[in-house]
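Participant: I'm passing along data-v2.txt; it holds compact mmCIF, C-alpha atoms.
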# COMPACT_ATOMS: atom_id res chain seq x y z
CA MET A 69 39.40 -21.75 24.00
CA ILE A 70 42.10 -19.55 25.54
CA LYS A 71 40.57 -20.22 28.95
CA VAL A 72 40.77 -23.98 28.34
CA VAL A 73 44.45 -23.70 27.39
CA HIS A 74 45.25 -21.64 30.50
CA LEU A 75 43.36 -24.06 32.77
CA GLU A 76 45.19 -27.02 31.25
CA ASP A 77 48.53 -25.27 31.80
CA ALA A 78 47.53 -24.38 35.37
CA ALA A 79 46.61 -28.00 36.17
CA GLN A 80 49.92 -29.29 34.81
CA LEU A 81 51.96 -26.65 36.64
CA ALA A 82 50.12 -27.25 39.91
CA GLU A 83 50.67 -31.01 39.64
CA ALA A 84 54.38 -30.52 38.90
CA ARG A 85 54.75 -28.38 42.04
CA GLY A 86 52.66 -30.62 44.27
CA LEU A 87 49.84 -28.08 44.71
CA ARG A 88 47.01 -30.60 44.79
CA ASP A 89 44.24 -28.16 45.74
CA LEU A 90 45.06 -25.82 42.85
CA HIS A 91 45.36 -28.78 40.48
CA ASP A 92 41.90 -30.08 41.44
CA GLU A 93 40.35 -26.62 41.14
CA ALA A 94 41.75 -26.18 37.62
CA ILE A 95 40.40 -29.61 36.64
CA ARG A 96 36.96 -28.81 38.08
CA ARG A 97 36.82 -25.63 36.01
CA LEU A 98 37.96 -27.52 32.92
CA GLN A 99 35.24 -30.13 33.42
CA ALA A 100 32.62 -27.37 33.61
CA MET A 101 33.49 -26.19 30.10
CA ARG A 102 31.48 -27.42 27.14
CA GLY A 103 31.77 -27.20 23.38
CA THR A 104 29.16 -24.44 23.31
CA ASP A 105 31.24 -22.42 25.78
CA LEU A 106 34.18 -22.62 23.39
CA GLY A 107 32.17 -21.28 20.47
CA MET A 108 32.75 -24.53 18.59
CA VAL A 109 30.67 -25.05 15.47
CA ARG A 110 30.34 -27.94 13.04
CA LEU A 111 31.92 -27.23 9.66
CA GLN A 112 31.01 -29.10 6.49
CA HIS A 113 32.90 -29.09 3.24
CA GLU A 114 31.66 -30.63 0.03
CA VAL A 115 34.09 -32.52 -2.17
CA SER A 116 33.01 -33.13 -5.74
CA ILE A 117 33.97 -36.55 -7.10
CA PRO A 118 32.91 -37.55 -10.62
CA GLU A 119 30.16 -40.15 -10.44
CA GLU A 120 31.99 -42.41 -12.86
CA VAL A 121 35.05 -42.48 -10.57
CA VAL A 122 32.91 -43.58 -7.63
CA ASP A 123 31.10 -46.19 -9.72
CA ASP A 124 34.34 -47.53 -11.20
CA THR A 125 35.90 -47.87 -7.74
CA ILE A 126 32.88 -49.66 -6.30
CA ASN A 127 32.48 -51.93 -9.34
CA GLY A 128 36.18 -52.76 -9.17
CA ILE A 129 35.54 -54.10 -5.66
CA ILE A 130 32.18 -55.85 -5.93
CA GLY A 131 31.94 -56.53 -9.66
CA VAL A 132 33.01 -60.15 -9.20
CA SER A 133 31.23 -63.49 -9.03
CA THR A 134 31.65 -64.22 -5.29
CA TRP A 135 31.39 -62.24 -2.06
CA GLN A 136 34.66 -63.81 -0.93
CA GLN A 137 36.56 -62.22 -3.82
CA ALA A 138 34.75 -58.92 -3.23
CA LEU A 139 35.95 -58.87 0.40
CA VAL A 140 39.48 -59.67 -0.75
CA ASN A 141 39.29 -56.80 -3.25
CA LEU A 142 38.26 -54.43 -0.47
CA VAL A 143 41.62 -54.82 1.28
CA SER A 144 43.87 -55.49 -1.72
CA SER A 145 44.74 -51.91 -2.68
CA GLU A 146 45.43 -48.73 -0.73
CA PRO A 147 43.71 -48.29 2.64
CA PRO A 148 40.82 -45.85 3.18
CA SER A 149 43.32 -43.36 4.61
CA GLY A 150 45.36 -43.31 1.39
CA GLN A 151 49.01 -44.05 0.72
CA LEU A 152 51.42 -42.91 3.43
CA GLU A 153 54.03 -41.34 1.14
CA ARG A 154 51.38 -39.39 -0.79
CA ASN A 155 49.91 -38.13 2.49
CA ARG A 156 53.33 -37.02 3.69
CA ALA A 157 53.84 -35.16 0.42
CA ASN A 158 50.46 -33.47 0.90
CA VAL A 159 51.49 -32.29 4.37
CA ILE A 160 54.70 -30.80 2.97
CA GLU A 161 52.70 -29.07 0.24
CA MET A 162 50.20 -27.65 2.73
CA LYS A 163 53.02 -26.44 4.96
CA ALA A 164 54.53 -24.56 2.05
CA ALA A 165 51.15 -23.03 1.14
CA ALA A 166 50.24 -22.02 4.72
CA PRO A 167 53.46 -21.90 6.80
CA LEU A 168 51.95 -20.00 9.75
CA GLN A 169 49.38 -22.75 10.32
CA HIS A 170 52.23 -25.18 11.02
CA LEU A 171 54.09 -22.92 13.46
CA PHE A 172 51.60 -22.79 16.33
CA PRO A 173 50.63 -25.47 18.86
CA VAL A 174 47.47 -27.41 18.04
CA THR A 175 45.08 -28.67 20.71
CA ARG A 176 42.78 -31.61 20.02
CA VAL A 177 39.50 -31.16 21.88
CA GLY A 178 37.24 -34.13 22.56
CA LYS A 179 33.49 -34.38 22.07
CA ASP A 180 33.06 -33.30 25.71
CA GLY A 181 34.93 -30.06 25.05
CA LEU A 182 37.98 -31.10 27.10
CA PRO A 183 41.52 -31.03 25.65
CA ARG A 184 42.85 -34.46 24.67
CA PHE A 185 46.41 -33.46 23.79
CA THR A 186 48.41 -30.50 22.50
CA ALA A 187 50.94 -30.77 19.68
CA GLN A 188 53.70 -28.45 20.89
CA THR A 189 56.89 -29.42 19.07
CA GLY A 190 57.50 -29.39 15.35
CA ALA A 191 57.48 -33.20 15.24
CA GLU A 192 54.19 -33.34 17.15
CA ARG A 193 52.59 -30.82 14.79
CA GLU A 194 53.82 -32.79 11.76
CA ALA A 195 52.27 -35.94 13.22
CA TYR A 196 49.00 -34.08 13.85
CA HIS A 197 48.77 -32.74 10.28
CA LEU A 198 49.62 -36.16 8.82
CA ALA A 199 46.83 -37.77 10.86
CA GLU A 200 44.45 -34.99 9.78
CA THR A 201 45.28 -35.73 6.13
CA GLU A 202 44.58 -39.43 6.72
CA VAL A 203 41.24 -38.65 8.36
CA HIS A 204 40.25 -36.50 5.37
CA PHE A 205 41.02 -39.43 3.08
CA MET A 206 38.87 -41.68 5.27
CA GLN A 207 35.98 -39.26 4.81
CA VAL A 208 36.29 -39.37 1.01
CA LEU A 209 37.98 -42.57 -0.19
CA GLY A 210 36.82 -44.35 2.97
CA GLY A 211 33.26 -43.28 2.23
CA ILE A 212 33.48 -44.98 -1.16
CA TYR A 213 34.87 -48.15 0.43
CA VAL A 214 32.08 -48.19 3.02
CA THR A 215 29.48 -47.75 0.28
CA ALA A 216 31.08 -50.69 -1.52
CA LEU A 217 30.76 -52.78 1.64
CA VAL A 218 27.08 -51.87 1.97
CA ARG A 219 26.49 -52.71 -1.68
CA LEU A 220 28.43 -55.97 -1.27
CA GLY A 221 25.99 -57.08 1.40
CA GLN A 222 23.07 -56.21 -0.84
CA GLU A 223 24.42 -57.75 -4.06
CA PHE A 224 25.35 -61.10 -2.52
CA ALA A 225 22.55 -61.41 0.03
CA PRO A 226 22.00 -63.62 1.82
CA ILE A 227 25.59 -64.38 2.85
CA ASP A 228 25.69 -67.64 4.79
CA VAL A 229 27.13 -66.95 8.26
CA GLY A 230 28.77 -70.36 8.43
CA GLU A 231 30.62 -69.76 5.18
CA LEU A 232 31.53 -66.25 6.34
CA ALA A 233 32.98 -67.60 9.60
CA THR A 234 35.04 -70.15 7.66
CA PHE A 235 36.31 -67.43 5.33
CA LEU A 236 37.25 -65.01 8.11
CA GLY A 237 38.89 -67.74 10.20
CA ALA A 238 40.88 -69.40 7.43
CA ALA A 239 44.25 -67.89 8.45
CA SER A 240 46.18 -69.61 11.23
CA HIS A 241 46.34 -66.46 13.38
CA VAL A 242 42.53 -66.03 13.58
CA PRO A 243 41.10 -68.01 16.55
CA GLU A 244 37.74 -69.66 15.99
CA GLU A 245 36.02 -67.48 18.59
CA THR A 246 37.43 -64.32 16.99
CA ALA A 247 36.20 -65.40 13.56
CA ALA A 248 32.75 -66.04 15.07
CA SER A 249 32.71 -62.57 16.64
CA LEU A 250 33.80 -60.91 13.38
CA THR A 251 31.10 -62.87 11.55
CA ARG A 252 28.47 -61.45 13.88
CA SER A 253 29.87 -57.96 13.26
CA PHE A 254 29.66 -58.30 9.46
CA ASP A 255 26.22 -59.90 9.67
CA ARG A 256 24.97 -56.99 11.78
CA PHE A 257 26.46 -54.52 9.32
CA PHE A 258 24.84 -56.22 6.33
CA SER A 259 21.47 -56.20 8.13
CA GLY A 260 21.73 -52.46 8.91
CA ASP A 261 22.68 -52.73 12.59
CA TYR A 262 25.70 -50.47 12.22
CA GLU A 263 25.96 -49.64 15.91
CA GLY A 264 26.04 -53.30 16.90
CA ALA A 265 28.60 -54.03 14.17
CA PHE A 266 30.82 -51.17 15.34
CA PHE A 267 30.92 -51.99 19.04
CA THR A 268 31.41 -55.71 18.37
CA ALA A 269 34.29 -55.17 15.93
CA VAL A 270 36.25 -52.37 17.64
CA PRO A 271 38.26 -54.60 20.06
CA LYS A 272 39.03 -57.24 17.43
CA ALA A 273 41.73 -55.30 15.57
CA GLU A 274 43.94 -55.42 18.66
CA ARG A 275 43.20 -59.12 19.15
CA LEU A 276 44.15 -59.92 15.55
CA ALA A 277 47.35 -57.85 15.68
CA ARG A 278 48.33 -59.58 18.91
CA GLU A 279 47.62 -63.05 17.50
CA LEU A 280 49.78 -62.28 14.45
CA LEU A 281 52.74 -61.36 16.65
CA LEU A 282 52.21 -64.33 18.96
CA ARG A 283 52.34 -66.61 15.91
CA MET A 284 55.66 -64.99 14.99
CA GLY A 285 56.98 -65.73 18.46
CA MET A 286 57.31 -62.04 19.33
CA PRO A 287 57.20 -60.88 22.99
CA VAL A 288 54.03 -58.81 23.38
CA PHE A 289 53.26 -59.42 27.05
CA ASN A 290 54.54 -57.04 29.71
CA THR A 291 55.17 -58.57 33.13
CA ALA A 292 53.93 -56.91 36.30
CA ARG A 293 56.08 -54.09 37.64
CA GLY A 294 55.37 -53.08 41.21
CA ALA A 295 51.75 -51.98 41.44
CA THR A 296 51.37 -52.11 37.62
CA PRO A 297 49.73 -55.41 36.61
CA GLY A 298 50.97 -57.48 33.71
CA GLY A 299 49.25 -57.20 30.36
CA TYR A 300 49.64 -57.16 26.59
CA SER A 301 51.04 -54.20 24.69
CA GLY A 302 48.51 -51.77 23.24
CA LEU A 303 47.38 -51.55 19.63
CA GLY A 304 49.79 -48.76 18.69
CA VAL A 305 52.78 -50.78 19.90
CA LEU A 306 51.52 -53.94 18.20
CA MET A 307 51.02 -52.21 14.84
CA ALA A 308 54.48 -50.61 15.08
CA MET A 309 55.96 -54.08 15.62
CA LEU A 310 54.10 -55.41 12.59
CA GLU A 311 55.30 -52.49 10.47
CA GLU A 312 58.90 -53.16 11.57
CA ARG A 313 58.43 -56.71 10.28
CA GLY A 314 57.49 -55.62 6.78
CA PHE A 315 53.75 -55.07 6.98
CA ASP A 316 52.32 -52.31 4.75
CA PRO A 317 53.00 -48.99 6.57
CA SER A 318 49.98 -47.32 4.94
CA TRP A 319 47.63 -49.97 6.31
CA CYS A 320 49.36 -49.95 9.71
CA ARG A 321 48.87 -46.19 9.96
CA TYR A 322 45.26 -46.49 8.81
CA ILE A 323 44.46 -48.90 11.63
CA THR A 324 46.16 -46.82 14.33
CA THR A 325 44.88 -43.44 13.09
CA LEU A 326 41.38 -44.87 12.98
CA LEU A 327 41.45 -46.68 16.32
CA SER A 328 44.19 -45.59 18.70
CA ARG A 329 46.24 -42.61 17.54
CA GLN A 330 45.56 -39.57 19.72
CA GLU A 331 46.01 -37.24 16.74
CA GLY A 332 43.50 -39.29 14.73
CA LEU A 333 39.96 -40.51 15.26
CA ASN A 334 41.01 -42.73 18.19
CA LEU A 335 37.70 -44.63 17.92
CA ARG A 336 38.67 -47.53 20.17
CA ASN A 337 39.49 -45.32 23.14
CA GLU A 338 36.56 -42.96 22.53
CA ALA A 339 34.20 -45.95 22.41
CA ALA A 340 35.71 -47.57 25.50
CA HIS A 341 35.26 -44.35 27.49
CA GLY A 342 31.63 -43.94 26.43
CA SER A 343 32.24 -40.88 24.24
CA ILE A 344 30.61 -42.43 21.16
CA ASP A 345 26.85 -42.53 21.62
CA TYR A 346 25.96 -43.69 18.12
CA ALA A 347 27.92 -45.34 15.34
CA ASP A 348 26.71 -45.03 11.75
CA ALA A 349 27.63 -47.03 8.66
CA SER A 350 30.77 -44.93 8.17
CA PHE A 351 32.36 -45.70 11.54
CA ALA A 352 31.24 -49.34 11.45
CA GLY A 353 32.43 -49.89 7.89
CA LEU A 354 35.86 -48.34 8.49
CA VAL A 355 36.40 -50.54 11.56
CA LEU A 356 35.27 -53.67 9.72
CA ILE A 357 37.68 -52.92 6.87
CA ALA A 358 40.52 -52.63 9.42
CA THR A 359 39.67 -55.99 10.99
CA LEU A 360 39.16 -57.58 7.57
CA TYR A 361 42.67 -56.53 6.53
CA LEU A 362 44.19 -58.07 9.67
CA ALA A 363 42.14 -61.25 9.26
CA ILE A 364 42.57 -62.09 5.58
CA ALA A 365 45.12 -59.83 3.89
CA VAL A 366 48.13 -60.67 6.08
CA SER A 367 49.58 -63.75 7.71
CA ALA A 368 52.12 -64.62 10.36
CA GLY A 369 54.51 -65.51 7.55
CA SER A 370 54.25 -62.10 5.85
CA ARG A 371 57.34 -59.90 5.63
What does the file become when written as structure tokens?
Facilitator:
Amino acid sequence: MIKVVHLEDAAQLAEARGLRDLHDEAIRRLQAMRGTDLGMVRLQHEVSIPEEVVDDTINGIIGVSTWQQALVNLVSSEPPSGQLERNRANVIEMKAAAPLQHLFPVTRVGKDGLPRFTAQTGAEREAYHLAETEVHFMQVLGGIYVTALVRLGQEFAPIDVGELATFLGAASHVPEETAASLTRSFDRFFSGDYEGAFFTAVPKAERLARELLLRMGMPVFNTARGATPGGYSGLGVLMAMLEERGFDPSWCRYITTLLSRQEGLNLRNEAAHGSIDYADASFAGLVLIATLYLAIAVSAGSR
């Protein structure tokens, strides 16, 4: 791991000084490193949750007469990443309990063993630990939500795809073709094709966020600048704009930590770059919940 850090520093220093050969050599050596070379191991931690708590949460979501109301329930309370203020309080508490852990730079390493980013400053480390707390909540509370979504598909089967498309496309900011794509994603999830559901749904969160802002008349397109082509702002920028306009900050952070935040899971970028080889029910369910929130729980008139 120390070697990786030194090689990353060497590449950055060589680039800053215009030493292209040294930069390329450092990158080649970085690319040759793998997770096994770093001594990385998979760690598992068991969290005990009373069975009645899990059952009560799931029944509170799907214990209704229609699948439509069950889907509404799924996005009507706190997001799978938990409440933002509570997570911030947890970070402060952890910092007080283990102050040294919060003093040193933290490097996020990708699945390929290469460094994605390094949190150097105090603000960057705070952002990293907050995202880590949110990811932990996704693994626990999010796991319960995903189980509820699986059970929802079983309890109300078969869900008519035409009715599902109408439900998902009811809001003015959801284009018909986007509703149809989301319908295919949910249908695949309910039939057990989690990988298909995941890869179909991943890009739709950005589309829905963009459509919301377009309906509000907000400028989200960036004109061409020199050799840089024009294009829409990315998901992180779009969600920040929605949060500034009164959208739930906890849900906005959930969507970005899940899909685009470099300190978080960053699933959209990892998927787009081919780093995700298989998506299980957990990844697929969390992404579907994010798109469901943007499709049915908010509107262009929300503040």
Participant: May I have a table of the residues of region 162-228 of chain A lying at most 12 Å from region 84-98 of chain A, giving each one's closest pair of atoms and their distance in Å to one decimal, counting all atoms listed in the file, ordered by chain and ascending residue number, as JSON lines?
Facilitator:
{"residue": "A:Val177", "atom": "CA", "partner": "A:Leu98", "partner_atom": "CA", "distance": 11.7}
{"residue": "A:Asp180", "atom": "CA", "partner": "A:Leu98", "partner_atom": "CA", "distance": 10.5}
{"residue": "A:Gly181", "atom": "CA", "partner": "A:Leu98", "partner_atom": "CA", "distance": 8.8}
{"residue": "A:Leu182", "atom": "CA", "partner": "A:Leu98", "partner_atom": "CA", "distance": 6.8}
{"residue": "A:Pro183", "atom": "CA", "partner": "A:Leu98", "partner_atom": "CA", "distance": 8.8}
{"residue": "A:Arg184", "atom": "CA", "partner": "A:Leu98", "partner_atom": "CA", "distance": 11.8}
Participant: Please determine, counting only C-alpha atoms, which residue among A:Arg256, A:Arg156, A:Arg313, A:Arg110 has the shortest atom-to-atom distance to Ser367 (chain A).
Facilitator: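 Looking only at the distances to Ser367 (chain A), the closest residue turns out to be A:Arg313.
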Participant: Any idea what the distance is between CA of His197 (chain A) and CA of Glu76 (chain A)?
Facilitator: 22.0 Å
Participant: Excluding region 136-143 of chain A and residues on its chain fewer than 4 positions from it, collect all residues at most 6 Å away from it, counting only C-alpha atoms, and give them as a ChimeraX atom specification.
Facilitator: /A:129-130,361
Participant: One decimal, Å: what's the distance from CA of Ala269 (chain A) over to CA of Glu231 (chain A), could you say?
Facilitator: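 Value for the CA of Ala269 (chain A)-CA of Glu231 (chain A) distance: 18.5 Å.
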Participant: Using only C-alpha atoms, find each residue of region 138-185 of chain A with at least one atom at most 7 Å away from an atom of region 199-223 of chain A; report its shortest atom-to-atom pair and that distance in Å (one decimal), sort the rows by chain and rising residue number, and return the result as JSON lines.
Facilitator:
{"residue": "A:Pro148", "atom": "CA", "partner": "A:Gly210", "partner_atom": "CA", "distance": 4.3}
{"residue": "A:Ser149", "atom": "CA", "partner": "A:Glu202", "partner_atom": "CA", "distance": 4.6}
{"residue": "A:Gly150", "atom": "CA", "partner": "A:Phe205", "partner_atom": "CA", "distance": 6.1}
{"residue": "A:Asn155", "atom": "CA", "partner": "A:Thr201", "partner_atom": "CA", "distance": 6.4}
Participant: When you draw a straight line from CA of Ser350 (chain A) to CA of Ala265 (chain A), how long is it in Å?
Facilitator: 11.1 Å
Participant: Which residues are near Leu232 (chain A)? Cut-off 9 Å, only C-alpha atoms, ignore same chain within fewer than 6 positions. Put them as a PyMOL selection string.
Facilitator: chain A and resi 136+247-248+251+254-255
